[in-house]
Every structure is written in C-alpha cells, then in structure tokens.
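Comments concern the structure below.
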Amino acid sequence: MRKAKLHRKTRKTEIRIALTIEGRGKYEVATGIRFLDHMLELFARHGGFDLKLTAVGDLDVDQHHTVEDVGIALGEVSTALSEIAAAFCAPVIFVMPMDETLGLAAVDFGGRATAVVDTKVRAVRVGDLQSELVYDFFEGFARGARANIHARVLYGRSSHHKIEALFKAFARALRIACSRDRRLGRMLPSTKGLL
C-alpha cells in the first residue's frame, strides 16, 4: 500500500495530510470551509483513497490561501505516492454524471503543471465556498503534482452539482492515473525519453 504524509506550513496556512492510494474511501477532513470539506470527502470516497486532512488558514482574510494551499499540498502528497509523479501512467479522462449535470476531468502526471477549469458556475458562493476558488484548488493541485489537470462542466443546472461532478470525475480519473499497470511496467509515456 502506498501511503504518505505531508506537513505544509506557510505564513498563511498550516496543512497536514495523510493519504493512502489503495484505501477504502475513508476520510477525516477539516479545512474550516464546510463545502470544501464535502468535496474532499467525495474525492476520497470516489477515488478509493483514505484521506486525513486538516487545514488552518487565514479565513478571517479570505478563503483563497486555504483552498489553494490545500490543492497544492494534496498534489504534492499525491506525487510522492505515485512513484515519480505517476509518470508511468497514461493520461486519463473520466466523465461523471451528477443528476442533471455532466462533468469531465482529465489528468496527466507528465511533469508539467497546467490547469484548465470551466465550472460554468455563476453563483458567487456555493454553500460557504467562494465558487471562483474551485479553479484555484485545481490549479494548486496541478502545481503541487506537476500535472495537467483539465476539469470542465459540459452542462448542468445546479451549481452544487456542477462542482460536485468535477470533484467526483477528478477523483475517478486520479484513481486510474495512480493505479499500477503491470503491462506497461516502468515505461515512460513519452517518445522523448524525458518528461
């Protein structure tokens, strides 16, 4: 079983994470932002990961530092577990229905950090989360993991469902991207010989 722990402390946030890739979808999450907690719980359950995560941030100022740093830290710990940034796994795309909403997430642990996110959410807040920060979470994860992350809502009505579909699709794509492929072994998925 691949397990890793991470403690990330900045002047704005302090985050502790324990992640097991081959888990059972168990979670203990506390970020101070309940809707973000809900999305991270979905991430653990749909990814089949065991996740313990606590974040203390300057929420009296804004949610930005907490959300972004949680994404960065989760990306960093995922990279540590995925054996050289899961570079030996092919890119993965997963499409997730969530009632009337359809979300898509694509993940490539190719060593280059890029995030493209389209939530189609127009509400300023969903629950207690500033909805524009969903982008910052995925961008933070991409930087921390040195991965390409594409997350897009294809259509939907409910802002809650739109964000939920993205987190569920992302978790499922990540679950596959972190899985071991015995057939390909340690073959680098690049004809350049370097990522």
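Going through the structure tokens in order, the chains are called A, B, and so on, while each chain numbers its residues from 1 and the ligands are numbered from 1 in the order shown.
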Test item, alpha helix (DSSP H) assignment across region 4-194 of chain A, answer as an MDAnalysis selection string: chainID A and resid 34:47 64:81 83:86 133:145 159:177
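By only C-alpha atoms, and with residues fewer than 3 positions from Asp99 (chain A) along its chain excluded, the set lying at most 9 Å from it is Leu102, Gly156 and His161 of chain A.
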Nearest-residue call for Arg2 (chain A), choices A:Thr54, A:Arg157, A:Thr79, A:Arg143, using only C-alpha atoms: A:Thr79
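From CA of Arg122 (chain A) back to CA of Arg45 (chain A), the distance works out to 26.9 Å.
With only C-alpha atoms as the basis for measurement, A:Leu36 is the residue among A:Leu36, A:Ile93, A:His65, A:Asp58 that approaches Arg125 (chain A) most closely.
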Shell of 12 Å around Ala171 (chain A), only C-alpha atoms, local chain residues under 2 positions omitted, as a ChimeraX atom specification: /A:21,25,39-49,74,78,92-96,103-107,138,149,151,164-169,173-178
Expected file contents, prior selection, N, CA and C atoms, as a compact mmCIF listing (two decimals), in the first residue's frame:
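Writing the result to out-v3.txt gives the following:
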```
# COMPACT_ATOMS: atom_id res chain seq x y z
N ILE A 21 -3.18 5.67 -1.16
CA ILE A 21 -3.75 5.50 -2.51
C ILE A 21 -4.68 4.29 -2.56
N GLY A 25 -11.68 4.58 0.81
CA GLY A 25 -12.56 5.74 0.73
C GLY A 25 -12.91 6.34 2.07
N MET A 39 -16.41 18.38 -0.64
CA MET A 39 -15.79 17.99 -1.91
C MET A 39 -14.59 17.07 -1.68
N LEU A 40 -13.82 17.31 -0.65
CA LEU A 40 -12.67 16.45 -0.35
C LEU A 40 -13.12 15.08 0.17
N GLU A 41 -14.24 15.04 0.86
CA GLU A 41 -14.81 13.76 1.27
C GLU A 41 -15.24 12.96 0.04
N LEU A 42 -15.88 13.64 -0.93
CA LEU A 42 -16.25 12.99 -2.18
C LEU A 42 -15.01 12.51 -2.93
N PHE A 43 -13.97 13.33 -2.93
CA PHE A 43 -12.70 12.98 -3.56
C PHE A 43 -12.17 11.67 -2.98
N ALA A 44 -12.14 11.56 -1.66
CA ALA A 44 -11.64 10.34 -1.01
C ALA A 44 -12.52 9.14 -1.35
N ARG A 45 -13.82 9.31 -1.24
CA ARG A 45 -14.73 8.19 -1.47
C ARG A 45 -14.69 7.70 -2.91
N HIS A 46 -14.77 8.63 -3.86
CA HIS A 46 -14.80 8.23 -5.27
C HIS A 46 -13.44 7.81 -5.79
N GLY A 47 -12.38 8.29 -5.17
CA GLY A 47 -11.04 7.86 -5.56
C GLY A 47 -10.63 6.57 -4.90
N GLY A 48 -11.37 6.16 -3.86
CA GLY A 48 -10.97 4.98 -3.11
C GLY A 48 -9.72 5.24 -2.28
N PHE A 49 -9.49 6.52 -1.94
CA PHE A 49 -8.33 6.90 -1.16
C PHE A 49 -8.74 7.02 0.31
N LEU A 74 -2.23 18.63 -1.50
CA LEU A 74 -2.79 17.36 -1.97
C LEU A 74 -2.06 16.90 -3.24
N SER A 78 0.18 13.49 -3.41
CA SER A 78 -0.17 12.52 -4.47
C SER A 78 1.04 12.18 -5.32
N VAL A 92 -5.51 10.14 -18.27
CA VAL A 92 -6.82 9.55 -18.01
C VAL A 92 -7.89 10.63 -18.13
N ILE A 93 -9.00 10.29 -18.77
CA ILE A 93 -10.17 11.16 -18.85
C ILE A 93 -11.34 10.41 -18.24
N PHE A 94 -12.10 11.10 -17.40
CA PHE A 94 -13.26 10.48 -16.78
C PHE A 94 -14.44 11.44 -16.90
N VAL A 95 -15.58 10.92 -17.30
CA VAL A 95 -16.81 11.71 -17.41
C VAL A 95 -17.75 11.24 -16.32
N MET A 96 -18.28 12.20 -15.54
CA MET A 96 -19.11 11.87 -14.39
C MET A 96 -20.46 12.56 -14.46
N GLY A 103 -19.94 16.29 -15.80
CA GLY A 103 -18.61 16.87 -15.62
C GLY A 103 -17.54 15.96 -16.19
N LEU A 104 -16.45 16.55 -16.59
CA LEU A 104 -15.34 15.82 -17.19
C LEU A 104 -14.05 16.25 -16.51
N ALA A 105 -13.17 15.28 -16.23
CA ALA A 105 -11.85 15.60 -15.69
C ALA A 105 -10.82 14.75 -16.42
N ALA A 106 -9.71 15.37 -16.75
CA ALA A 106 -8.59 14.68 -17.38
C ALA A 106 -7.34 14.96 -16.56
N VAL A 107 -6.53 13.93 -16.35
CA VAL A 107 -5.33 14.03 -15.53
C VAL A 107 -4.16 13.41 -16.27
N PHE A 138 -7.83 23.38 -8.19
CA PHE A 138 -7.28 22.52 -9.24
C PHE A 138 -5.94 23.04 -9.77
N ILE A 149 -4.16 19.16 -15.40
CA ILE A 149 -5.49 18.91 -14.88
C ILE A 149 -6.47 19.72 -15.73
N ALA A 151 -10.59 20.21 -16.04
CA ALA A 151 -11.88 19.92 -15.40
C ALA A 151 -12.92 20.84 -16.02
N GLU A 164 -19.62 19.40 -7.68
CA GLU A 164 -19.55 18.01 -7.23
C GLU A 164 -19.17 17.08 -8.38
N ALA A 165 -19.75 17.29 -9.54
CA ALA A 165 -19.42 16.44 -10.70
C ALA A 165 -17.93 16.55 -11.03
N LEU A 166 -17.36 17.76 -10.93
CA LEU A 166 -15.93 17.93 -11.22
C LEU A 166 -15.06 17.20 -10.21
N PHE A 167 -15.38 17.32 -8.93
CA PHE A 167 -14.57 16.65 -7.92
C PHE A 167 -14.68 15.14 -8.03
N LYS A 168 -15.87 14.63 -8.32
CA LYS A 168 -16.04 13.18 -8.48
C LYS A 168 -15.29 12.68 -9.72
N ALA A 169 -15.43 13.39 -10.83
CA ALA A 169 -14.72 12.99 -12.06
C ALA A 169 -13.21 13.04 -11.84
N ALA A 173 -10.65 9.90 -12.15
CA ALA A 173 -9.52 9.98 -13.08
C ALA A 173 -8.20 9.78 -12.34
N LEU A 174 -8.09 10.41 -11.18
CA LEU A 174 -6.87 10.28 -10.39
C LEU A 174 -6.67 8.86 -9.89
N ARG A 175 -7.76 8.21 -9.52
CA ARG A 175 -7.69 6.81 -9.08
C ARG A 175 -7.09 5.93 -10.16
N ILE A 176 -7.52 6.14 -11.39
CA ILE A 176 -6.99 5.35 -12.50
C ILE A 176 -5.55 5.76 -12.81
N ALA A 177 -5.27 7.06 -12.78
CA ALA A 177 -3.92 7.55 -13.09
C ALA A 177 -2.89 7.05 -12.08
N CYS A 178 -3.31 6.85 -10.84
CA CYS A 178 -2.39 6.39 -9.79
C CYS A 178 -2.30 4.87 -9.73
```
Residue nearest Ser131 (chain A) - candidates A:Asp60, A:Gly71, A:Ser159, A:Val153, atoms counted: only C-alpha atoms: A:Ser159
Contacts of Ile15 (chain A) within 6 Å, only C-alpha atoms, excl. fewer than 3 positions in-chain, as an MDAnalysis selection string: chainID A and resid 7:8 54:55
How would the residues just chosen look if you wrote them out with all heavy atoms as a PDB file, in the first residue's frame?
```pdb
ATOM      1  N   HIS A   7       3.301  17.718   5.775  1.00  0.00           N
ATOM      2  CA  HIS A   7       3.008  18.870   6.620  1.00  0.00           C
ATOM      3  C   HIS A   7       3.495  20.088   5.859  1.00  0.00           C
ATOM      4  O   HIS A   7       4.683  20.216   5.574  1.00  0.00           O
ATOM      5  CB  HIS A   7       3.720  18.749   7.969  1.00  0.00           C
ATOM      6  CG  HIS A   7       3.500  19.926   8.865  1.00  0.00           C
ATOM      7  ND1 HIS A   7       4.464  20.381   9.714  1.00  0.00           N
ATOM      8  CD2 HIS A   7       2.420  20.746   9.039  1.00  0.00           C
ATOM      9  CE1 HIS A   7       4.003  21.433  10.387  1.00  0.00           C
ATOM     10  NE2 HIS A   7       2.764  21.671   9.986  1.00  0.00           N
ATOM     11  N   ARG A   8       2.583  20.958   5.499  1.00  0.00           N
ATOM     12  CA  ARG A   8       2.920  22.165   4.739  1.00  0.00           C
ATOM     13  C   ARG A   8       2.527  23.370   5.585  1.00  0.00           C
ATOM     14  O   ARG A   8       1.364  23.525   5.957  1.00  0.00           O
ATOM     15  CB  ARG A   8       2.160  22.171   3.410  1.00  0.00           C
ATOM     16  CG  ARG A   8       2.347  23.442   2.589  1.00  0.00           C
ATOM     17  CD  ARG A   8       1.483  23.392   1.334  1.00  0.00           C
ATOM     18  NE  ARG A   8       1.414  24.665   0.692  1.00  0.00           N
ATOM     19  CZ  ARG A   8       2.305  25.131  -0.183  1.00  0.00           C
ATOM     20  NH1 ARG A   8       3.347  24.387  -0.504  1.00  0.00           N
ATOM     21  NH2 ARG A   8       2.162  26.313  -0.732  1.00  0.00           N
ATOM     22  N   THR A  54      -6.178  18.164   7.632  1.00  0.00           N
ATOM     23  CA  THR A  54      -6.581  19.320   8.423  1.00  0.00           C
ATOM     24  C   THR A  54      -5.889  20.541   7.845  1.00  0.00           C
ATOM     25  O   THR A  54      -4.725  20.474   7.444  1.00  0.00           O
ATOM     26  CB  THR A  54      -6.210  19.186   9.916  1.00  0.00           C
ATOM     27  OG1 THR A  54      -4.804  19.024  10.036  1.00  0.00           O
ATOM     28  CG2 THR A  54      -6.927  18.029  10.567  1.00  0.00           C
ATOM     29  N   ALA A  55      -6.626  21.625   7.797  1.00  0.00           N
ATOM     30  CA  ALA A  55      -6.072  22.882   7.297  1.00  0.00           C
ATOM     31  C   ALA A  55      -6.528  24.008   8.212  1.00  0.00           C
ATOM     32  O   ALA A  55      -7.710  24.112   8.526  1.00  0.00           O
ATOM     33  CB  ALA A  55      -6.532  23.144   5.870  1.00  0.00           C
TER      34      ALA A  55
END
```
Secondary structure check, strand (DSSP E or B) residues of chain A, as a PyMOL selection string: chain A and resi 3-9+13-20+27-30+50-57+92-98+101-108+114-118+125-126+129-130+148-155
Exercise: Glu76 (chain A) partners within 6 Å, only C-alpha atoms, chain neighbours under 3 positions left out, as a PyMOL selection string: chain A and resi 73+79+144-145
Separation of CA of Thr66 (chain A) from CA of His38 (chain A) in Å: 14.8 Å
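Closest approach to Val70 (chain A) among A:Pro91, A:Thr20, A:Arg112, A:Val134 is made by A:Val134 (distances from only C-alpha atoms).
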Length of the CA of Thr10 (chain A) to CA of Ala147 (chain A) vector [Å]: 22.3 Å
Near-Val77 (chain A) list (8 Å; only C-alpha atoms; drop same-chain fewer than 6 positions) as a PyMOL selection string: chain A and resi 4-6+17+19+145
Given the selection you just returned, output its residues as a file containing N, CA, C and O atoms, formatted as a compact mmCIF listing (two decimals), in the first residue's frame.
```txt
# COMPACT_ATOMS: atom_id res chain seq x y z
N ALA A 4 1.50 8.18 2.31
CA ALA A 4 2.41 9.30 2.52
C ALA A 4 1.76 10.32 3.43
O ALA A 4 0.53 10.41 3.50
N LYS A 5 2.62 11.07 4.12
CA LYS A 5 2.16 12.16 4.96
C LYS A 5 2.87 13.42 4.53
O LYS A 5 4.00 13.37 4.01
N LEU A 6 2.22 14.54 4.75
CA LEU A 6 2.80 15.83 4.38
C LEU A 6 2.37 16.87 5.40
O LEU A 6 1.21 16.89 5.82
N ILE A 17 -1.59 16.34 5.95
CA ILE A 17 -2.28 15.35 5.12
C ILE A 17 -1.66 13.98 5.33
O ILE A 17 -0.44 13.85 5.38
N LEU A 19 -2.35 10.35 3.27
CA LEU A 19 -3.09 9.81 2.13
C LEU A 19 -2.63 8.39 1.84
O LEU A 19 -1.44 8.11 1.83
N ALA A 145 1.45 18.71 -7.97
CA ALA A 145 1.67 17.38 -8.57
C ALA A 145 2.48 17.44 -9.86
O ALA A 145 2.84 16.40 -10.39
```
Pick from A:Lys12, A:Arg146, A:Arg152, A:Lys26, whichever lies nearest to Leu59 (chain A) using only C-alpha atoms: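 Selected residue with least distance to Leu59 (chain A): A:Lys12.
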From A:Asp37, A:Glu28, A:Glu14, A:Glu139, residue lying nearest Gly127 (chain A) [only C-alpha atoms]: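 That would be A:Asp37, the residue with the smallest distance to Gly127 (chain A).
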